[in-house]
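Peer 1: Have a look at this one before I ask anything.
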Amino acid sequence: MHSKPEAPLDHSRVKAWLLEGDPAALRRLWAEADAVRAAHVGDEVHLRGLIEVSSHCIRHCLYCGLRAPSEGLDRYRMEAGEILACAQEAIQLGYGSVVIQGGEDPGLTRTFIASVVRRIKAHTPLAVTLSLGERSDGDLLAWREAGADRYLLRFETSDPHLYNRIHPNLPGTVSDRFAQLERMRAMGYEIGTGVMVGIPGQTWGTLAADILRFQDFDMDMIGVGPFIPSPRTPLGGKDVLAFLAAPADQVPSDELTTLKAVALTRLVCPDANIPSTTALATLDRARGRELALMRGANVVMPNVTPVPYRVRYEIYPGKACINETATACRGCLEGRIQALGRRVAKGPGGRKRTECKDSSVM
Ligand code: SAH
């Protein structure tokens, strides 16, 4: 790819990079993303303990194994005491934050989550991130007042038509994740978002627009992982054919494309916190985590959910590290991070804004 060094990464150039196949050009992309990561967020890798608190869900998302119509799932909702025990384990493992994630589950009531957050904040130094789907402003405000620091809500795709197809509205409501993200920012949350790479119907132009949307919205945290088909869902069976874009346009849900998306996300959002996702580790157990960390990512979200629950939180099948205890996972990750010449960060690891220098070689 021949581009003027100082040219900005606009839509056509992001798209061209996503399609880039020349190994020498890609080596430049990886090196630049890694250099921008080092300059803006440093060599430390933040570990966030993931607590999967409920597998109940009222939504019908076409990509997710936890969708309401999924049958044969042994659904669960953790008790407050169990969640607090996970938070304690996260502290013992040296993690600076926890992510409380679940299906969109009204059984996780405003009072229940507020009380869990309040207790974690009262008894630990952990930063608390919530990822509980689309909730009312009343819920979000109550949780913020209880001390929640951050909220993760992937917008999944910036193409409104594709979004409506894969993420049906609840009856009588219109889902607008961008609007919720803006409202949460106004409430004082750090906000995180993201997309899946290779969702059926995602074109190269759409994925390029997604990446630029991260930049326009100045997101604090951005998770980009491959779409992994779940046989429990319409996008995981033969019906998927009706959703795919034309072969030349459809983005594949593969490792290389995901890594390009991670690297480009780092270039357009130099100081965001960007995880190396479990979905990528699921595609490539040997090297997925490391490759994302070497190409822009600076966060890992190890699972601290009790193993018997974890296996029931089946967003997609074959999730990496599902049977590893939290302690084993901690040791494994530390080894992998040190082998890259990086180190595990201490503390809550919020976003630190840095001055934006234009990247040099892109
Ligand atoms: N209920 C919450 C949390 C969902 S799980 C919410 O909707 O925000 C977190 C993320 O997992 C989702 O936002 C989605 O991007 C991702 N995900 C869901 N199904 C997936 C699949 N089949 N493959 C890869 N990622 C998936």
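Every chain in the structure tokens has a letter given in the order shown (A, B, ...), and although residue numbers restart at 1 in each chain, ligands are simply numbered from 1 in the order shown.
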Could you list, as a ChimeraX atom specification, every residue within 7 Å of Ala320 in chain A, counting only C-alpha atoms and ignoring same-chain residues fewer than 3 positions away?

Peer 2: /A:278,281-282,285

Peer 1: Pull the strand (DSSP E) assignments for range 129-253 of chain A out of DSSP run on the backbone, and list those residues as a list in words.

Peer 2: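 Of range 129-253 of chain A, the ones in strand (DSSP E) are Thr129, Leu130, Ser131, Arg150, Tyr151, Leu152, Glu190, Ile191, Gly192, Thr193, Gly194, Val195, Met196, Val197, Met221, Ile222, Gly223, Val224, Gly225 and Pro226 of chain A.
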
Peer 1: I'd like the neighbourhood of range 322-339 of chain A as a ChimeraX atom specification, where a residue qualifies if any of its atoms comes within 10 Å (using only C-alpha atoms), though same-chain residues fewer than 3 positions away should be ignored.

Peer 2: /A:43-45,47,49-50,86,89-90,92-95,282,287,289-290,293-294,300,302-311,313,318-319,342-344

Peer 1: For the atom pair CA of Val41 in chain A and CA of Gly350 in chain A, what is the interatomic distance in Å to one decimal place?

Peer 2: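 Distance between the two atoms: 10.6 Å.
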
Peer 1: Can you tell me which residues come within 6 Å of ligand 1 when counting only C-alpha atoms and all ligand atoms, ideally as a PyMOL selection string?

Peer 2: chain A and resi 63-64+101-104+131-133+153-154+156+195-196+226-230+279+315-316

Peer 1: Please produce an output containing C-alpha atoms for each residue in the selection, written as a compact mmCIF listing (two decimals), in the first residue's frame.

Peer 2:
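Contents of the output file result_24.txt:
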# COMPACT_ATOMS: atom_id res chain seq x y z
CA TYR A 63 -25.63 -13.86 16.90
CA CYS A 64 -25.72 -14.71 20.60
CA GLN A 101 -21.42 -8.95 32.58
CA GLY A 102 -24.63 -10.75 31.77
CA GLY A 103 -27.48 -11.23 29.39
CA GLU A 104 -30.10 -8.49 29.34
CA SER A 131 -21.95 -4.82 30.90
CA LEU A 132 -25.61 -5.68 31.27
CA GLY A 133 -27.06 -4.59 27.95
CA LEU A 153 -22.02 -1.75 25.44
CA ARG A 154 -20.87 -2.77 22.00
CA GLU A 156 -22.09 -4.25 17.22
CA VAL A 195 -18.01 -4.77 17.24
CA MET A 196 -17.67 -8.32 16.02
CA PRO A 226 -14.18 -12.25 15.68
CA PHE A 227 -17.77 -13.41 15.26
CA ILE A 228 -17.95 -17.08 16.26
CA PRO A 229 -21.08 -18.86 15.00
CA SER A 230 -23.24 -20.47 17.65
CA ALA A 279 -13.12 -14.64 21.07
CA ILE A 315 -22.49 -16.92 24.03
CA TYR A 316 -20.63 -19.06 21.47

Peer 1: Determine the nearest neighbour of Leu244 in chain A from the options A:Phe178, A:Leu162, A:Cys321, A:Asp271, counting only C-alpha atoms.

Peer 2: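 The closest residue to Leu244 in chain A is A:Leu162.
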